[in-house]
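Asks: Would you mind keeping the following structure in view while I ask a few things?
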Amino acid sequence: MATPLSDPSLSPLRTIAVIGLGTMGTGIAEVLAKAGREVVGIDISEAAAAQAAATLETATARAVQRGRLTEQERADVLARVRTSTDLTAAADADLVIEVAPESYEIKHQIFRELDGIVRPDTILATGTNALSVTRLAADSARPERVLGLHFFNPAPAMKLVEVVSSVLTAPTAVTAVTNLALDLGKEPVAVGDRPGFVADGLLFGYLNQAAAMYEAKYASREDIDAAMRLGCGLPMGPLALLDLIGIDTARTVLEAMYAESHDRLHAPAPVLKQLSEAGLTGRKSGRGFYTYEAPGSATVVRDALTPLESAERNQGREVRSVGVAGSGTMASGIAEVFAKAGYEVVLAARSEEKAQTAKARIGKSLSRSVDKGRMTAEAAARTLDLITAAGSYESFADVDLAVEAVAEDLEIKQQLFQTLDKVCKPGAVLATTTSSLPVVACARATSRPQDVIGMHFFNPAPAMKLVEVVRTVLTGEDVHATVREVCVKIKKHAVDCGDRAGFIVNALLFPYLNNAIKMVQEHYASLDDIDAAMKLGGGYPMGPFELLDVVGLDVSLAIEKVLHREFRDPGLAPAPLLEHLVAAGCLGRKTGRGFREYARR
């Protein structure tokens, strides 16, 4: 006789059926078997069942080679897994996890058949990330025992599991499945029933915007992906990730999200429909946003859209000396980058004292590099000697490139560019490091708009590899070529983009952060659960609320307002909770309180 579910501690869910033996189903079966569970893998396709068995053989053999399993443990794992093409094989399961295709029709049919096969106390879990768990539960004869159990791909490696309750789910079922996830070495996050849940709910909106950005020909696929990897520390760029997930799958998830939210940011970008209907679904088909060596391969091969490395570029202007305007962290970081690359640097601020303070900050940074063995004391001394601190912008008279890194205020920047126009020699390139203001507005403050360009460094400039190179409609080709050549010399990865709000990184990053705030505002999930979901499920180096508190809530709000003003999309309107926190002076770590509280230094 089965143990009653009412005491989950006595019901460790020993026998588990996994329905659907694709990549995800096979990965879940491996995780369960390694944790000592008896696993029944079921798929209507004999070929899929055979492939799953072969994949398990290979995965466990690799684990033995890496010292993660002994031969005996491997044999035990394989012995705990059996496959079938018949749903009746699930009759003795304590838990059934279905990971069939994302279709209500298919999933309803499976759940209806299971109602007549499994025991009354068996828990039925759906692995969906796009469909309504409530709707699937309502069609079952046992809605209180239906919930969502959303693993992330690849299941053996990813720590996050979202446990999804509907309004019908019994708390005891949630407890039993949460305990199972902990036994599997996973980190379960409890969420309510809405398309995408937490991780995919935030991730797919961002992926959709990246697809739309590419479709608009704003930036190349390579530059979009490089910008998000290097600018945000993400493990993959958004377009490469769409290819991995499957463009058809992403479209299905987004359609389900849009049906509920009616948020235009969730309306699938037309390019996703075009690629899906053409059969270009990503890695699994051998072609999506990129082209792959073969279907299922991860190796990208050259295609008609791949930029030629030897492509003819215009000749840039010669740059021997660089002026950096500003005295803050960004200005000193940029000056350090140029000096390390051997350029003579004039670091100018509104007073000699401010300039000297900024140079002293560089000296401390170089000393830390020496202490960490990254450079010699002699090299640090040579680098510092290349920097001249000046209390007036008149000292920019002979520089070949002037880079402004002053406050993010358009009026202040325009005044500075008027000054640079007067003091810099003819032919000098004038660059702004703005992250959100129109570069062309700085250019028009001068009599030489063709010489003005955006050079958006990321903080901390010495460590971050990315520079967004922003051309206006007035920027000269030779000026663009000059900055691209300089980026190579200072060992930065340049990405090209046009002069519109947010450029690449902020235009994709800040709507994602704003959507995370909306989730908390709507009491859908907690700060900790959302941060954990994005780190564990998306591979993000920081959760959205950790990042917001580091960036500064006032800075984040300003960027959100710029994006909303430029694109006029209601979905980009700053979350009221963000506005309230800023109004209350809770700006993040710098004030000791933002979304979280911090100890005062």
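Letters A, B, ... go to the chains of the structure tokens in the order shown; residues in each chain start at 1; ligands are counted from 1 in the same order.
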For Asp183 (chain A), work out the shell of residues within 10 Å, counting only C-alpha atoms and skipping chain neighbours fewer than 5 positions away, then give it as an mmCIF file with N, CA, C and O atoms, in the first residue's frame.

Replies:
```cif
data_model
loop_
_atom_site.group_PDB
_atom_site.id
_atom_site.type_symbol
_atom_site.label_atom_id
_atom_site.label_comp_id
_atom_site.auth_asym_id
_atom_site.auth_seq_id
_atom_site.Cartn_x
_atom_site.Cartn_y
_atom_site.Cartn_z
ATOM 1 N N PRO A 12 9.514 9.735 -0.034
ATOM 2 C CA PRO A 12 10.667 10.351 -0.685
ATOM 3 C C PRO A 12 10.635 10.285 -2.218
ATOM 4 O O PRO A 12 11.632 10.582 -2.849
ATOM 5 N N LEU A 32 18.102 12.202 -11.781
ATOM 6 C CA LEU A 32 17.335 11.363 -10.856
ATOM 7 C C LEU A 32 18.060 10.056 -10.543
ATOM 8 O O LEU A 32 18.147 9.639 -9.387
ATOM 9 N N ALA A 35 20.916 10.348 -8.264
ATOM 10 C CA ALA A 35 20.491 10.603 -6.883
ATOM 11 C C ALA A 35 19.808 9.383 -6.263
ATOM 12 O O ALA A 35 19.179 9.498 -5.214
ATOM 13 N N GLY A 36 19.916 8.232 -6.922
ATOM 14 C CA GLY A 36 19.420 6.991 -6.335
ATOM 15 C C GLY A 36 17.966 6.672 -6.606
ATOM 16 O O GLY A 36 17.419 5.733 -6.025
ATOM 17 N N VAL A 177 7.775 17.646 -3.643
ATOM 18 C CA VAL A 177 8.605 17.909 -4.828
ATOM 19 C C VAL A 177 9.774 18.829 -4.465
ATOM 20 O O VAL A 177 10.885 18.665 -4.982
ATOM 21 N N THR A 178 9.551 19.790 -3.567
ATOM 22 C CA THR A 178 10.639 20.672 -3.119
ATOM 23 C C THR A 178 11.713 19.851 -2.401
ATOM 24 O O THR A 178 12.924 20.051 -2.621
#
```

Asks: Assign secondary structure with DSSP using the backbone only, and return the residues of region 129-270 of chain A in strand (DSSP E) as a list in words.

Replies: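 Secondary structure check on region 129-270 of chain A, strand (DSSP E): Val146, Leu147, Gly148, Leu149, His150, Phe151, Leu160, Val161, Glu162, Val163, Val164, Ser165, Glu187, Pro188, Val189, Ala190, Val191 and Gly192 of chain A.
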
Asks: Go ahead and write the selection's residues with N, CA and C atoms as an mmCIF file, in the first residue's frame.

Replies:
```
data_model
loop_
_atom_site.group_PDB
_atom_site.id
_atom_site.type_symbol
_atom_site.label_atom_id
_atom_site.label_comp_id
_atom_site.auth_asym_id
_atom_site.auth_seq_id
_atom_site.Cartn_x
_atom_site.Cartn_y
_atom_site.Cartn_z
ATOM 1 N N VAL A 146 -1.300 18.199 -9.338
ATOM 2 C CA VAL A 146 -0.579 18.656 -10.534
ATOM 3 C C VAL A 146 0.172 19.946 -10.201
ATOM 4 N N LEU A 147 1.432 20.005 -10.588
ATOM 5 C CA LEU A 147 2.232 21.219 -10.407
ATOM 6 C C LEU A 147 3.268 21.315 -11.518
ATOM 7 N N GLY A 148 4.008 22.386 -11.513
ATOM 8 C CA GLY A 148 5.086 22.559 -12.481
ATOM 9 C C GLY A 148 6.429 22.275 -11.842
ATOM 10 N N LEU A 149 7.310 21.629 -12.583
ATOM 11 C CA LEU A 149 8.670 21.351 -12.111
ATOM 12 C C LEU A 149 9.593 21.685 -13.268
ATOM 13 N N HIS A 150 10.109 22.909 -13.247
ATOM 14 C CA HIS A 150 10.840 23.437 -14.392
ATOM 15 C C HIS A 150 12.343 23.365 -14.165
ATOM 16 N N PHE A 151 12.981 22.361 -14.789
ATOM 17 C CA PHE A 151 14.442 22.241 -14.789
ATOM 18 C C PHE A 151 15.002 23.141 -15.884
ATOM 19 N N LEU A 160 19.216 25.433 -10.731
ATOM 20 C CA LEU A 160 17.880 25.950 -10.434
ATOM 21 C C LEU A 160 16.767 24.990 -10.844
ATOM 22 N N VAL A 161 15.762 24.884 -9.986
ATOM 23 C CA VAL A 161 14.503 24.219 -10.336
ATOM 24 C C VAL A 161 13.368 25.111 -9.843
ATOM 25 N N GLU A 162 12.489 25.506 -10.738
ATOM 26 C CA GLU A 162 11.325 26.304 -10.349
ATOM 27 C C GLU A 162 10.165 25.348 -10.031
ATOM 28 N N VAL A 163 9.637 25.448 -8.821
ATOM 29 C CA VAL A 163 8.493 24.635 -8.393
ATOM 30 C C VAL A 163 7.258 25.523 -8.506
ATOM 31 N N VAL A 164 6.359 25.154 -9.426
ATOM 32 C CA VAL A 164 5.258 26.043 -9.810
ATOM 33 C C VAL A 164 3.926 25.519 -9.271
ATOM 34 N N SER A 165 3.294 26.310 -8.420
ATOM 35 C CA SER A 165 1.985 25.946 -7.872
ATOM 36 C C SER A 165 0.888 26.655 -8.655
ATOM 37 N N GLU A 187 18.584 23.816 -6.304
ATOM 38 C CA GLU A 187 18.073 24.915 -5.487
ATOM 39 C C GLU A 187 16.670 25.258 -5.971
ATOM 40 N N PRO A 188 15.630 24.788 -5.243
ATOM 41 C CA PRO A 188 14.261 25.048 -5.685
ATOM 42 C C PRO A 188 13.796 26.464 -5.344
ATOM 43 N N VAL A 189 13.086 27.063 -6.279
ATOM 44 C CA VAL A 189 12.474 28.370 -6.066
ATOM 45 C C VAL A 189 10.978 28.206 -6.286
ATOM 46 N N ALA A 190 10.186 28.598 -5.288
ATOM 47 C CA ALA A 190 8.727 28.462 -5.390
ATOM 48 C C ALA A 190 8.152 29.662 -6.126
ATOM 49 N N VAL A 191 7.369 29.408 -7.193
ATOM 50 C CA VAL A 191 6.783 30.499 -7.977
ATOM 51 C C VAL A 191 5.329 30.187 -8.300
ATOM 52 N N GLY A 192 4.596 31.227 -8.646
ATOM 53 C CA GLY A 192 3.215 31.063 -9.069
ATOM 54 C C GLY A 192 3.127 30.775 -10.553
#
```

Asks: Give the alpha helix (DSSP H) residues of region 229-424 of chain A, as assigned by DSSP on the backbone, as a short mmCIF file (atom, residue, chain, number, x, y, z; two decimals) with N, CA and C atoms, in the first residue's frame.

Replies:
```cif
data_model
loop_
_atom_site.label_atom_id
_atom_site.label_comp_id
_atom_site.auth_asym_id
_atom_site.auth_seq_id
_atom_site.Cartn_x
_atom_site.Cartn_y
_atom_site.Cartn_z
N ARG A 229 28.02 39.69 -23.74
CA ARG A 229 28.98 38.83 -23.02
C ARG A 229 30.02 39.68 -22.30
N LEU A 230 30.58 40.65 -23.03
CA LEU A 230 31.69 41.43 -22.47
C LEU A 230 31.21 42.59 -21.61
N GLY A 231 30.04 43.13 -21.91
CA GLY A 231 29.53 44.26 -21.15
C GLY A 231 28.78 43.86 -19.89
N CYS A 232 28.21 42.64 -19.89
CA CYS A 232 27.42 42.19 -18.73
C CYS A 232 27.95 40.91 -18.10
N PRO A 238 22.76 36.85 -26.61
CA PRO A 238 21.35 36.50 -26.73
C PRO A 238 20.98 35.75 -28.01
N LEU A 239 21.62 36.06 -29.12
CA LEU A 239 21.25 35.40 -30.37
C LEU A 239 21.81 33.98 -30.41
N ALA A 240 23.01 33.79 -29.88
CA ALA A 240 23.56 32.43 -29.76
C ALA A 240 22.70 31.61 -28.81
N LEU A 241 22.21 32.24 -27.74
CA LEU A 241 21.36 31.54 -26.78
C LEU A 241 20.02 31.15 -27.40
N LEU A 242 19.45 32.03 -28.21
CA LEU A 242 18.21 31.70 -28.92
C LEU A 242 18.43 30.48 -29.82
N ASP A 243 19.57 30.42 -30.48
CA ASP A 243 19.88 29.25 -31.32
C ASP A 243 19.98 27.98 -30.48
N LEU A 244 20.54 28.10 -29.28
CA LEU A 244 20.67 26.94 -28.40
C LEU A 244 19.30 26.48 -27.88
N ILE A 245 18.49 27.42 -27.43
CA ILE A 245 17.17 27.09 -26.89
C ILE A 245 16.27 26.51 -27.98
N ILE A 247 14.70 28.44 -31.76
CA ILE A 247 13.95 29.65 -32.10
C ILE A 247 12.45 29.38 -32.07
N ASP A 248 12.04 28.18 -32.45
CA ASP A 248 10.62 27.82 -32.39
C ASP A 248 10.13 27.76 -30.94
N THR A 249 10.97 27.21 -30.05
CA THR A 249 10.62 27.16 -28.62
C THR A 249 10.49 28.57 -28.05
N ALA A 250 11.43 29.43 -28.39
CA ALA A 250 11.40 30.82 -27.89
C ALA A 250 10.13 31.51 -28.37
N ARG A 251 9.77 31.29 -29.61
CA ARG A 251 8.55 31.91 -30.15
C ARG A 251 7.32 31.43 -29.37
N THR A 252 7.26 30.12 -29.07
CA THR A 252 6.13 29.57 -28.32
C THR A 252 6.03 30.20 -26.93
N VAL A 253 7.18 30.31 -26.24
CA VAL A 253 7.20 30.90 -24.90
C VAL A 253 6.73 32.35 -24.96
N LEU A 254 7.25 33.10 -25.93
CA LEU A 254 6.90 34.52 -26.03
C LEU A 254 5.42 34.71 -26.36
N GLU A 255 4.89 33.86 -27.22
CA GLU A 255 3.46 33.97 -27.55
C GLU A 255 2.60 33.74 -26.31
N ALA A 256 3.01 32.76 -25.49
CA ALA A 256 2.27 32.50 -24.25
C ALA A 256 2.40 33.67 -23.28
N MET A 257 3.59 34.26 -23.20
CA MET A 257 3.78 35.41 -22.33
C MET A 257 2.97 36.61 -22.80
N TYR A 258 2.96 36.83 -24.10
CA TYR A 258 2.23 37.98 -24.65
C TYR A 258 0.72 37.82 -24.46
N ALA A 259 0.23 36.57 -24.60
CA ALA A 259 -1.20 36.31 -24.44
C ALA A 259 -1.66 36.71 -23.04
N GLU A 260 -0.76 36.59 -22.07
CA GLU A 260 -1.13 36.96 -20.70
C GLU A 260 -0.84 38.41 -20.39
N SER A 261 0.32 38.91 -20.82
CA SER A 261 0.76 40.24 -20.39
C SER A 261 0.27 41.36 -21.32
N PRO A 270 9.13 39.61 -35.37
CA PRO A 270 8.79 38.90 -36.62
C PRO A 270 9.88 37.97 -37.14
N VAL A 271 11.15 38.31 -36.88
CA VAL A 271 12.24 37.46 -37.37
C VAL A 271 12.16 36.06 -36.76
N LEU A 272 11.62 35.95 -35.54
CA LEU A 272 11.51 34.63 -34.91
C LEU A 272 10.49 33.76 -35.66
N LYS A 273 9.41 34.38 -36.10
CA LYS A 273 8.41 33.65 -36.89
C LYS A 273 9.00 33.26 -38.25
N GLN A 274 9.69 34.19 -38.88
CA GLN A 274 10.26 33.92 -40.21
C GLN A 274 11.25 32.75 -40.15
N LEU A 275 12.16 32.79 -39.17
CA LEU A 275 13.14 31.71 -39.04
C LEU A 275 12.47 30.38 -38.69
N SER A 276 11.52 30.42 -37.75
CA SER A 276 10.82 29.18 -37.35
C SER A 276 10.12 28.54 -38.53
N GLU A 277 9.37 29.34 -39.29
CA GLU A 277 8.58 28.78 -40.38
C GLU A 277 9.44 28.33 -41.56
N THR A 329 35.92 58.27 -11.28
CA THR A 329 36.43 56.90 -11.45
C THR A 329 36.56 56.53 -12.91
N MET A 330 35.55 56.92 -13.70
CA MET A 330 35.57 56.54 -15.12
C MET A 330 36.72 57.24 -15.85
N ALA A 331 36.88 58.53 -15.60
CA ALA A 331 37.95 59.28 -16.27
C ALA A 331 39.32 58.72 -15.93
N SER A 332 39.56 58.45 -14.64
CA SER A 332 40.89 57.93 -14.25
C SER A 332 41.09 56.53 -14.82
N GLY A 333 40.03 55.71 -14.86
CA GLY A 333 40.14 54.37 -15.43
C GLY A 333 40.49 54.40 -16.91
N ILE A 334 39.86 55.31 -17.65
CA ILE A 334 40.13 55.43 -19.09
C ILE A 334 41.55 55.95 -19.33
N ALA A 335 41.96 56.93 -18.53
CA ALA A 335 43.33 57.44 -18.66
C ALA A 335 44.34 56.33 -18.41
N GLU A 336 44.08 55.48 -17.41
CA GLU A 336 44.96 54.35 -17.11
C GLU A 336 45.05 53.40 -18.30
N VAL A 337 43.91 53.12 -18.93
CA VAL A 337 43.88 52.22 -20.09
C VAL A 337 44.77 52.74 -21.21
N PHE A 338 44.65 54.04 -21.53
CA PHE A 338 45.44 54.62 -22.62
C PHE A 338 46.94 54.64 -22.27
N ALA A 339 47.26 54.99 -21.03
CA ALA A 339 48.67 55.04 -20.63
C ALA A 339 49.30 53.65 -20.66
N LYS A 340 48.55 52.64 -20.24
CA LYS A 340 49.08 51.26 -20.28
C LYS A 340 49.40 50.84 -21.71
N GLU A 352 43.41 71.92 -10.82
CA GLU A 352 44.66 71.15 -10.73
C GLU A 352 44.54 70.10 -9.62
N GLU A 353 43.89 70.48 -8.51
CA GLU A 353 43.75 69.57 -7.37
C GLU A 353 42.94 68.32 -7.75
N LYS A 354 41.81 68.53 -8.47
CA LYS A 354 40.98 67.39 -8.89
C LYS A 354 41.76 66.48 -9.84
N ALA A 355 42.52 67.08 -10.75
CA ALA A 355 43.30 66.30 -11.70
C ALA A 355 44.37 65.47 -10.99
N GLN A 356 45.04 66.08 -10.01
CA GLN A 356 46.08 65.37 -9.25
C GLN A 356 45.46 64.23 -8.44
N THR A 357 44.26 64.45 -7.87
CA THR A 357 43.57 63.40 -7.12
C THR A 357 43.25 62.22 -8.04
N ALA A 358 42.80 62.53 -9.27
CA ALA A 358 42.49 61.48 -10.24
C ALA A 358 43.75 60.71 -10.62
N LYS A 359 44.88 61.42 -10.79
CA LYS A 359 46.13 60.74 -11.13
C LYS A 359 46.59 59.87 -9.97
N ALA A 360 46.39 60.34 -8.73
CA ALA A 360 46.77 59.54 -7.56
C ALA A 360 45.96 58.25 -7.50
N ARG A 361 44.69 58.34 -7.93
CA ARG A 361 43.84 57.15 -7.96
C ARG A 361 44.41 56.12 -8.95
N ILE A 362 44.92 56.61 -10.07
CA ILE A 362 45.54 55.72 -11.06
C ILE A 362 46.79 55.07 -10.46
N GLY A 363 47.57 55.87 -9.72
CA GLY A 363 48.78 55.33 -9.08
C GLY A 363 48.45 54.18 -8.14
N LYS A 364 47.35 54.33 -7.38
CA LYS A 364 46.93 53.26 -6.47
C LYS A 364 46.49 52.02 -7.24
N SER A 365 45.79 52.24 -8.35
CA SER A 365 45.33 51.12 -9.18
C SER A 365 46.52 50.36 -9.76
N LEU A 366 47.51 51.11 -10.24
CA LEU A 366 48.71 50.47 -10.79
C LEU A 366 49.48 49.70 -9.70
N SER A 367 49.51 50.26 -8.50
CA SER A 367 50.19 49.57 -7.38
C SER A 367 49.51 48.24 -7.07
N ARG A 368 48.17 48.23 -7.13
CA ARG A 368 47.45 46.97 -6.90
C ARG A 368 47.80 45.94 -7.98
N SER A 369 47.96 46.41 -9.23
CA SER A 369 48.34 45.51 -10.31
C SER A 369 49.72 44.92 -10.07
N VAL A 370 50.63 45.75 -9.53
CA VAL A 370 51.99 45.27 -9.21
C VAL A 370 51.91 44.23 -8.09
N ASP A 371 51.12 44.53 -7.04
CA ASP A 371 50.97 43.61 -5.91
C ASP A 371 50.42 42.26 -6.35
N ALA A 377 56.92 46.77 -11.24
CA ALA A 377 56.96 48.11 -10.66
C ALA A 377 57.49 49.12 -11.67
N GLU A 378 58.45 48.66 -12.51
CA GLU A 378 59.02 49.56 -13.53
C GLU A 378 57.97 49.95 -14.56
N ALA A 379 57.17 48.95 -14.99
CA ALA A 379 56.12 49.21 -15.98
C ALA A 379 55.07 50.14 -15.40
N ALA A 380 54.75 49.97 -14.13
CA ALA A 380 53.76 50.84 -13.47
C ALA A 380 54.28 52.27 -13.42
N ALA A 381 55.56 52.42 -13.10
CA ALA A 381 56.15 53.76 -13.02
C ALA A 381 56.15 54.43 -14.39
N ARG A 382 56.50 53.66 -15.44
CA ARG A 382 56.51 54.21 -16.82
C ARG A 382 55.10 54.65 -17.22
N THR A 383 54.12 53.82 -16.85
CA THR A 383 52.73 54.13 -17.19
C THR A 383 52.29 55.42 -16.53
N LEU A 384 52.59 55.56 -15.25
CA LEU A 384 52.18 56.77 -14.52
C LEU A 384 52.88 58.01 -15.08
N ASP A 385 54.13 57.84 -15.52
CA ASP A 385 54.89 58.96 -16.08
C ASP A 385 54.28 59.48 -17.38
N LEU A 410 23.51 66.37 -20.18
CA LEU A 410 23.69 66.83 -21.55
C LEU A 410 24.21 68.27 -21.61
N GLU A 411 23.70 69.13 -20.76
CA GLU A 411 24.13 70.52 -20.79
C GLU A 411 25.61 70.65 -20.44
N ILE A 412 26.05 69.88 -19.42
CA ILE A 412 27.46 69.91 -19.02
C ILE A 412 28.33 69.40 -20.16
N LYS A 413 27.90 68.31 -20.79
CA LYS A 413 28.69 67.73 -21.89
C LYS A 413 28.73 68.69 -23.09
N GLN A 414 27.63 69.32 -23.42
CA GLN A 414 27.63 70.27 -24.55
C GLN A 414 28.56 71.44 -24.29
N GLN A 415 28.56 71.94 -23.07
CA GLN A 415 29.48 73.05 -22.72
C GLN A 415 30.93 72.61 -22.88
N LEU A 416 31.20 71.36 -22.45
CA LEU A 416 32.57 70.85 -22.58
C LEU A 416 32.96 70.72 -24.05
N PHE A 417 32.03 70.21 -24.89
CA PHE A 417 32.36 70.07 -26.31
C PHE A 417 32.56 71.42 -26.99
N GLN A 418 31.86 72.45 -26.54
CA GLN A 418 32.12 73.80 -27.07
C GLN A 418 33.55 74.22 -26.74
N THR A 419 33.98 73.89 -25.51
CA THR A 419 35.35 74.20 -25.09
C THR A 419 36.36 73.41 -25.89
N LEU A 420 36.11 72.08 -26.04
CA LEU A 420 37.03 71.23 -26.82
C LEU A 420 37.15 71.73 -28.25
N ASP A 421 36.04 72.21 -28.81
CA ASP A 421 36.04 72.72 -30.18
C ASP A 421 37.00 73.90 -30.31
N LYS A 422 37.07 74.70 -29.25
CA LYS A 422 37.94 75.88 -29.29
C LYS A 422 39.41 75.52 -29.04
N VAL A 423 39.67 74.57 -28.11
CA VAL A 423 41.07 74.34 -27.69
C VAL A 423 41.77 73.23 -28.49
#
```

Asks: Rank nothing, just name the residue among A:Val39, A:Ala91, A:Leu527, A:Val118 nearest to Thr15 (chain A), using only C-alpha atoms.

Replies: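 Counting only C-alpha atoms, the residue closest to Thr15 (chain A) is A:Val39.
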
Asks: Which of these, A:Ala348, A:Ala181, A:Val399, A:Ala212, has the shortest distance to Leu508 (chain A) once you count only C-alpha atoms?

Replies: A:Ala212
